[in-house]
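Asks: What follows is the file coords_11.txt, containing compact mmCIF, C-alpha atoms and all ligand atoms:
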# COMPACT_ATOMS: atom_id res chain seq x y z
CA MET C 170 89.14 54.83 -44.46
CA GLU C 171 86.05 55.21 -42.30
CA VAL C 172 86.52 55.46 -38.54
CA ARG C 173 83.21 55.19 -36.69
CA LYS C 174 84.26 57.40 -33.82
CA PRO C 175 84.16 61.17 -33.34
CA TYR C 176 87.93 61.08 -32.99
CA GLN C 177 89.97 59.65 -35.84
CA LEU C 178 93.76 59.94 -35.65
CA VAL C 179 93.94 58.89 -31.99
CA SER C 180 91.83 55.77 -32.54
CA ARG C 181 92.97 52.16 -32.73
CA GLU C 182 90.83 51.80 -35.81
CA TRP C 183 93.02 54.37 -37.54
CA LYS C 184 96.27 52.88 -36.27
CA GLN C 185 96.47 49.43 -34.74
CA GLU C 186 100.00 49.33 -33.38
CA ASP C 187 100.94 51.18 -30.19
CA THR C 188 102.51 54.60 -30.71
CA THR C 189 105.99 54.84 -29.24
CA PHE C 190 108.59 57.60 -29.20
CA THR C 191 111.93 57.94 -27.50
CA VAL C 192 112.75 60.56 -24.88
CA ASN C 193 116.01 60.46 -22.93
CA GLY C 194 116.74 56.93 -24.11
CA VAL C 195 113.35 55.56 -23.06
CA GLU C 196 110.91 54.28 -25.64
CA ILE C 197 107.68 55.63 -24.19
CA GLY C 198 104.74 53.38 -25.04
CA LYS C 199 107.02 50.33 -24.94
CA ASP C 200 109.05 50.64 -21.73
CA LEU C 201 106.95 51.60 -18.72
CA VAL C 202 107.90 55.16 -17.82
CA MET C 203 108.38 56.55 -14.31
CA ILE C 204 108.07 60.32 -14.01
CA ALA C 205 108.69 61.60 -10.49
CA GLY C 206 109.45 64.75 -8.57
CA PRO C 207 107.85 67.43 -6.46
CA CYS C 208 104.53 69.05 -7.25
CA ALA C 209 106.34 72.38 -7.55
CA VAL C 210 109.93 73.53 -7.84
CA GLU C 211 110.56 75.48 -4.62
CA ASN C 212 114.27 76.29 -4.51
CA GLU C 213 117.54 74.97 -5.85
CA GLU C 214 118.36 72.82 -2.85
CA GLN C 215 114.95 71.14 -2.91
CA ILE C 216 115.01 70.26 -6.61
CA PHE C 217 118.64 69.11 -6.49
CA THR C 218 118.05 66.92 -3.43
CA ILE C 219 115.00 65.31 -5.02
CA SER C 220 116.53 64.81 -8.46
CA GLU C 221 119.70 63.34 -6.98
CA PHE C 222 117.65 60.87 -4.97
CA LEU C 223 115.56 59.94 -8.01
CA SER C 224 118.51 59.52 -10.30
CA LYS C 225 120.02 57.15 -7.72
CA GLN C 226 116.91 55.04 -8.22
CA ASN C 227 117.59 55.29 -11.97
CA VAL C 228 114.52 57.44 -12.62
CA ARG C 229 114.98 59.32 -15.89
CA PHE C 230 112.12 61.79 -15.89
CA LEU C 231 111.93 64.69 -13.46
CA ARG C 232 108.60 66.40 -12.90
CA GLY C 233 108.10 69.74 -11.15
CA GLY C 234 105.81 72.69 -11.72
CA ALA C 235 107.26 76.15 -12.32
CA TYR C 236 103.92 77.64 -13.37
CA LYS C 237 101.34 76.24 -10.96
CA PRO C 238 97.58 76.29 -11.49
CA ARG C 239 96.32 76.82 -7.94
CA THR C 240 92.70 76.86 -6.84
CA SER C 241 93.37 79.89 -4.66
CA PRO C 242 95.13 83.00 -5.98
CA TYR C 243 96.75 83.30 -2.54
CA SER C 244 98.51 79.92 -2.82
CA PHE C 245 102.10 79.57 -4.10
CA GLN C 246 101.98 80.14 -7.85
CA GLY C 247 105.38 78.68 -8.72
CA LEU C 248 108.83 80.18 -9.35
CA LYS C 249 108.10 80.67 -13.06
CA THR C 250 111.20 81.26 -15.24
CA GLU C 251 113.51 80.86 -12.27
CA GLY C 252 111.86 77.52 -11.49
CA LEU C 253 112.30 76.33 -15.07
CA GLN C 254 115.98 77.21 -14.90
CA MET C 255 116.45 75.26 -11.66
CA LEU C 256 114.58 72.29 -13.06
CA ARG C 257 116.69 72.24 -16.22
CA LYS C 258 119.90 72.58 -14.27
CA ALA C 259 119.00 69.72 -11.91
CA ALA C 260 117.81 67.49 -14.74
CA ASP C 261 120.99 68.11 -16.75
CA ARG C 262 123.14 67.41 -13.72
CA PHE C 263 121.53 63.99 -13.24
CA GLU C 264 120.85 63.18 -16.89
CA MET C 265 117.11 63.36 -16.53
CA ALA C 266 114.41 64.72 -18.82
CA VAL C 267 112.17 67.60 -17.68
CA VAL C 268 108.38 67.24 -17.51
CA THR C 269 106.63 70.48 -16.58
CA GLU C 270 103.31 72.17 -17.06
CA ILE C 271 102.40 74.77 -19.66
CA LEU C 272 99.72 76.99 -18.17
CA SER C 273 99.18 79.38 -21.02
CA LEU C 274 99.88 79.81 -24.69
CA ASP C 275 102.07 82.89 -24.21
CA LYS C 276 104.68 80.70 -22.47
CA LEU C 277 105.01 78.15 -25.26
CA ASP C 278 108.43 79.32 -26.50
CA GLU C 279 109.79 79.47 -22.98
CA LEU C 280 108.50 76.00 -22.10
CA CYS C 281 109.98 74.55 -25.30
CA GLU C 282 113.33 76.01 -24.28
CA TYR C 283 113.40 74.27 -20.88
CA ALA C 284 111.15 71.20 -21.05
CA ASP C 285 111.49 67.84 -22.76
CA ILE C 286 107.81 66.97 -22.27
CA LEU C 287 105.10 69.62 -21.90
CA GLN C 288 102.36 68.79 -19.42
CA VAL C 289 98.84 70.05 -20.06
CA GLY C 290 97.05 70.09 -16.73
CA THR C 291 93.53 68.97 -15.99
CA ARG C 292 92.30 72.59 -15.97
CA ASN C 293 93.63 73.15 -19.48
CA MET C 294 92.47 69.98 -21.22
CA SER C 295 89.77 72.01 -22.98
CA ASN C 296 91.96 75.00 -23.81
CA TYR C 297 91.62 74.51 -27.55
CA PRO C 298 93.90 77.35 -28.71
CA LEU C 299 96.64 75.83 -26.51
CA LEU C 300 96.00 72.31 -27.85
CA LYS C 301 96.16 73.60 -31.43
CA ALA C 302 99.49 75.29 -30.76
CA LEU C 303 100.85 72.08 -29.21
CA GLY C 304 99.96 70.31 -32.44
CA LYS C 305 102.50 72.48 -34.22
CA ILE C 306 105.53 71.72 -32.06
CA LYS C 307 107.84 68.72 -31.97
CA ARG C 308 107.98 68.25 -28.20
CA PRO C 309 105.93 65.41 -26.69
CA VAL C 310 102.83 66.46 -24.75
CA LEU C 311 101.53 64.87 -21.55
CA LEU C 312 97.79 65.45 -21.74
CA LYS C 313 95.95 65.08 -18.45
CA ARG C 314 92.28 64.18 -18.44
CA GLY C 315 90.01 67.07 -17.47
CA MET C 316 88.61 66.48 -13.99
CA SER C 317 85.06 66.69 -15.37
CA SER C 318 85.72 65.34 -18.84
CA THR C 319 84.43 62.18 -20.41
CA ILE C 320 86.81 59.77 -22.07
CA GLU C 321 85.49 60.88 -25.45
CA GLU C 322 86.18 64.55 -24.67
CA TRP C 323 89.68 63.61 -23.52
CA LEU C 324 90.41 61.70 -26.72
CA LEU C 325 89.04 64.60 -28.77
CA ALA C 326 91.42 66.93 -26.92
CA ALA C 327 94.27 64.62 -27.99
CA GLU C 328 92.85 64.68 -31.52
CA TYR C 329 93.44 68.45 -31.58
CA ILE C 330 97.16 67.85 -31.04
CA LEU C 331 97.49 64.96 -33.48
CA SER C 332 95.49 66.72 -36.18
CA GLY C 333 97.92 69.63 -35.94
CA GLY C 334 100.76 67.26 -36.78
CA ASN C 335 102.20 66.26 -33.40
CA GLU C 336 101.71 62.54 -32.74
CA LYS C 337 103.80 62.51 -29.56
CA VAL C 338 101.01 62.56 -27.00
CA ILE C 339 100.93 60.72 -23.69
CA LEU C 340 97.48 60.52 -22.12
CA CYS C 341 97.33 60.77 -18.32
CA GLU C 342 94.45 59.71 -16.10
CA ARG C 343 94.63 61.90 -12.96
CA GLY C 344 91.28 61.34 -11.33
CA ILE C 345 87.85 62.83 -11.86
CA ARG C 346 85.35 64.67 -9.69
CA THR C 347 82.76 62.45 -8.09
CA PHE C 348 80.54 62.72 -4.98
CA GLU C 349 83.32 61.09 -2.92
CA LYS C 350 85.09 63.38 -0.48
CA ALA C 351 87.46 60.96 1.28
CA THR C 352 89.85 61.15 -1.66
CA ARG C 353 90.79 64.31 -3.55
CA ASN C 354 89.65 62.77 -6.84
CA THR C 355 88.43 59.37 -7.99
CA LEU C 356 91.25 57.76 -9.97
CA ASP C 357 89.43 56.17 -12.88
CA LEU C 358 91.51 53.13 -13.70
CA SER C 359 88.76 51.69 -15.86
CA ALA C 360 89.52 54.66 -18.13
CA VAL C 361 93.12 53.47 -18.40
CA ALA C 362 92.08 49.98 -19.44
CA LEU C 363 89.44 51.31 -21.83
CA VAL C 364 91.58 54.00 -23.46
CA LYS C 365 94.29 51.41 -24.11
CA GLN C 366 91.68 49.64 -26.25
CA LEU C 367 90.28 52.77 -27.90
CA SER C 368 93.59 54.45 -28.70
CA HIS C 369 97.12 53.60 -29.80
CA LEU C 370 98.58 56.40 -27.65
CA PRO C 371 100.52 55.68 -24.45
CA VAL C 372 98.40 56.07 -21.30
CA ILE C 373 99.87 56.74 -17.86
CA ALA C 374 98.31 57.33 -14.44
CA ASP C 375 98.82 60.01 -11.79
CA PRO C 376 97.93 58.42 -8.44
CA SER C 377 99.12 61.55 -6.58
CA GLN C 378 96.51 64.00 -7.92
CA GLY C 379 94.29 60.93 -8.35
CA THR C 380 93.95 60.25 -4.63
CA GLY C 381 95.42 63.25 -2.81
CA VAL C 382 96.53 60.88 -0.05
CA ARG C 383 100.17 59.79 0.27
CA ASP C 384 99.40 56.30 1.59
CA LEU C 385 97.11 55.55 -1.33
CA VAL C 386 99.73 56.35 -3.94
CA VAL C 387 101.59 53.01 -3.68
CA PRO C 388 98.55 50.71 -3.95
CA MET C 389 97.04 52.79 -6.77
CA SER C 390 100.36 52.84 -8.64
CA LEU C 391 100.38 49.05 -8.58
CA ALA C 392 96.74 48.96 -9.61
CA ALA C 393 97.41 51.29 -12.55
CA ILE C 394 100.13 48.99 -13.87
CA ALA C 395 97.81 46.01 -13.45
CA ALA C 396 95.16 47.94 -15.42
CA GLY C 397 97.60 48.26 -18.33
CA ALA C 398 99.05 51.74 -17.82
CA ASP C 399 102.24 52.57 -19.74
CA GLY C 400 103.73 54.32 -16.75
CA LEU C 401 103.23 56.64 -13.80
CA ILE C 402 103.70 60.24 -12.78
CA VAL C 403 104.22 60.47 -9.03
CA GLU C 404 104.88 63.30 -6.57
CA VAL C 405 107.91 62.82 -4.29
CA HIS C 406 109.34 65.36 -1.84
CA ASN C 407 112.35 65.49 0.48
CA GLN C 408 110.22 67.21 3.16
CA PRO C 409 106.53 66.68 2.39
CA ALA C 410 105.50 68.33 5.69
CA VAL C 411 106.80 71.70 4.54
CA ALA C 412 106.09 71.39 0.80
CA LEU C 413 104.64 74.54 -0.76
CA SER C 414 102.08 72.49 -2.66
CA ASP C 415 100.52 69.04 -2.44
CA GLY C 416 102.65 67.86 0.51
CA GLU C 417 99.94 65.54 1.80
CA GLN C 418 100.02 63.51 -1.41
CA SER C 419 103.80 63.54 -1.86
CA LEU C 420 105.70 60.34 -1.12
CA TYR C 421 108.60 60.22 1.32
CA PHE C 422 111.87 59.03 -0.22
CA ASP C 423 111.59 55.68 1.60
CA GLN C 424 108.09 55.09 0.31
CA PHE C 425 109.20 55.80 -3.23
CA ARG C 426 112.25 53.56 -2.98
CA ASN C 427 110.25 50.70 -1.45
CA MET C 428 107.62 50.91 -4.17
CA LEU C 429 110.05 50.08 -6.97
CA GLU C 430 110.41 46.32 -6.37
CA PRO C 431 106.63 45.72 -6.21
CA LEU C 432 106.26 47.83 -9.35
CA LYS C 433 108.83 45.71 -11.15
CA ALA C 434 106.83 42.62 -10.18
CA ALA C 435 103.60 44.22 -11.43
CA ALA C 436 105.31 45.10 -14.71
CA GLN C 437 106.55 41.54 -15.06
CA LEU C 438 102.98 40.23 -14.82
CA GLN C 439 102.24 42.42 -17.86
CA LYS C 440 105.40 41.07 -19.56
CA ARG C 441 106.84 44.55 -19.49
CA HIS C 442 109.71 46.47 -17.89
CA PHE C 443 110.05 49.85 -16.23
CA ASP C 444 112.60 52.28 -17.58
CA PHE C 445 114.34 52.38 -14.18
CA GLU C 446 115.16 48.67 -14.42
CA ASN C 447 117.78 49.27 -17.09
CA ARG C 448 120.98 50.27 -15.35
CA ARG C 449 123.00 52.96 -17.03
CA GLN C 450 126.29 54.70 -16.53
CA THR C 451 125.81 57.98 -14.71
CA THR C 452 127.96 60.64 -13.18
CA GLU C 453 129.32 60.17 -9.65
CA LEU C 454 126.61 60.84 -7.12
CA THR C 455 126.89 61.91 -3.51
CA PRO C 456 126.85 58.78 -1.30
CA GLY C 457 124.13 58.41 1.30
CA LEU C 458 121.14 59.62 -0.69
C1 LIG X 501 100.22 68.50 -10.99
O1 LIG X 501 100.66 67.56 -11.67
O2 LIG X 501 100.81 68.96 -9.98
C2 LIG X 501 98.91 69.08 -11.36
C3 LIG X 501 98.59 70.33 -11.04
O3 LIG X 501 98.15 68.21 -12.05
P1 LIG X 501 96.61 68.27 -12.49
O4 LIG X 501 96.56 69.22 -13.65
O5 LIG X 501 96.30 66.85 -12.85
O6 LIG X 501 95.82 68.76 -11.30
MN MN X 502 100.44 68.54 -7.64
Just give me the structure as structure tokens.
Replies:
Amino acid sequence: MEVRKPYQLVSREWKQEDTTFTVNGVEIGKDLVMIAGPCAVENEEQIFTISEFLSKQNVRFLRGGAYKPRTSPYSFQGLKTEGLQMLRKAADRFEMAVVTEILSLDKLDELCEYADILQVGTRNMSNYPLLKALGKIKRPVLLKRGMSSTIEEWLLAAEYILSGGNEKVILCERGIRTFEKATRNTLDLSAVALVKQLSHLPVIADPSQGTGVRDLVVPMSLAAIAAGADGLIVEVHNQPAVALSDGEQSLYFDQFRNMLEPLKAAAQLQKRHFDFENRRQTTELTPGL
């Protein structure tokens, strides 16, 4: 079969129906997925407080960086193995799946031990040896768009993973570099709508890195769903003011909680449902959170 695109396996021409796969009881690509948590794992109390709050909202996917790619070498670099252990422990306690970033190829085995979904950050979208290695594993990969990458380059990066044999790829629009300085990045929601046409892979949006501004996260989350996104990855913190990374773009618990009803309504307009809408039996949780 001839596919008139530089990418093949990721294209809609190659495969018409949406790709879906199930993680932690959620059929990603069908149900809208909500991935939430802090930018970075900071200590056990922080990650437990946040994951308990999120699981009370029925969120099933916990994000949190243990290996952090920071612009400055003097910024907090993450708790590394210790952070992965805390993340896993918190996620297991609240029956959540772990989404965390793989920074380098040498940590692949370790990440596969602790994570349910491996996140490839914007700075690594063009790390081809890493992408090739991710094609050989069974874990799903959350592939962020490079901050200076075209849509075609992004889809070709996904092609590396699919051509290696791993079809479980979630694409994530997280904003691109433009001349604009009022926002951290320019969240390209036209890319979400377009990539949904070009590819059968699930596409989600990251309005936290995408705007860098807490109060823009709610409106842009709603806009992403209206644009056809298959879900969101959002930063939430129990104490954003003292967060060790990305506090200014992290939602307060109240903001997160209050966003869920409008998101449900946005999903309904798309004739879809969020994963957090399906109630499930969970362990006893501390009241008051
Ligand atoms: C993050 O999710 O905290 C992150 C570092 O993402 P990105 O690679 O999109 O900057
Ligand atoms: Mn972040």
Asks: Draw an axis-aligned box tight on the listed atoms of ligand LIG 501 (chain X), then pad every side by 8 Å and write out centre and edge lengths in Å to one decimal as JSON.
Replies:
{"center_x": 98.3, "center_y": 68.6, "center_z": -11.8, "size_x": 21.0, "size_y": 19.5, "size_z": 19.7}
Asks: Measuring atom to atom with only C-alpha atoms, identify which of C:Phe222, C:Tyr297, C:Trp183, C:Tyr283 is nearest to Val405 in chain C.
Replies: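 Of C:Phe222, C:Tyr297, C:Trp183, C:Tyr283, the one nearest Val405 in chain C is C:Phe222, counting only C-alpha atoms.
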Asks: Set the cut-off to 10 Å, count all atoms listed in the file, and list whatever residues fall near ligand LIG 501 (chain X) as number ranges by chain.
Replies: C: 206-209, 232-240, 268-270, 272, 288-294, 312-316, 341-345, 354, 374-379, 402-404, 414-415
Asks: Of the residues C:Val179, C:Leu413, C:Val202, C:Leu287, which is the one nearest to Leu370 in chain C, using only C-alpha atoms?
Replies: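 That would be C:Val179, the residue with the smallest distance to Leu370 in chain C.
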Asks: Identify, on the basis of all atoms listed in the file, every residue whose closest approach to Gln215 in chain C does not exceed 9 Å; exclude the query and any residue fewer than 5 positions from it along the same chain; express the result as a PyMOL selection string.
Replies: chain C and resi 207+210+220+406-408
Asks: Tell me, as a PDB file with C-alpha atoms, in the coordinates of the input, which residues lie within 7 Å of Arg181 in chain C, counting only C-alpha atoms; anything in the same chain fewer than 2 positions away does not count.
Replies:
ATOM      1  CA  VAL C 179      93.940  58.890 -31.990  1.00  0.00           C
ATOM      2  CA  TRP C 183      93.020  54.370 -37.540  1.00  0.00           C
ATOM      3  CA  LYS C 184      96.270  52.880 -36.270  1.00  0.00           C
ATOM      4  CA  GLN C 185      96.470  49.430 -34.740  1.00  0.00           C
ATOM      5  CA  LEU C 367      90.280  52.770 -27.900  1.00  0.00           C
ATOM      6  CA  SER C 368      93.590  54.450 -28.700  1.00  0.00           C
ATOM      7  CA  HIS C 369      97.120  53.600 -29.800  1.00  0.00           C
TER       8      HIS C 369
END
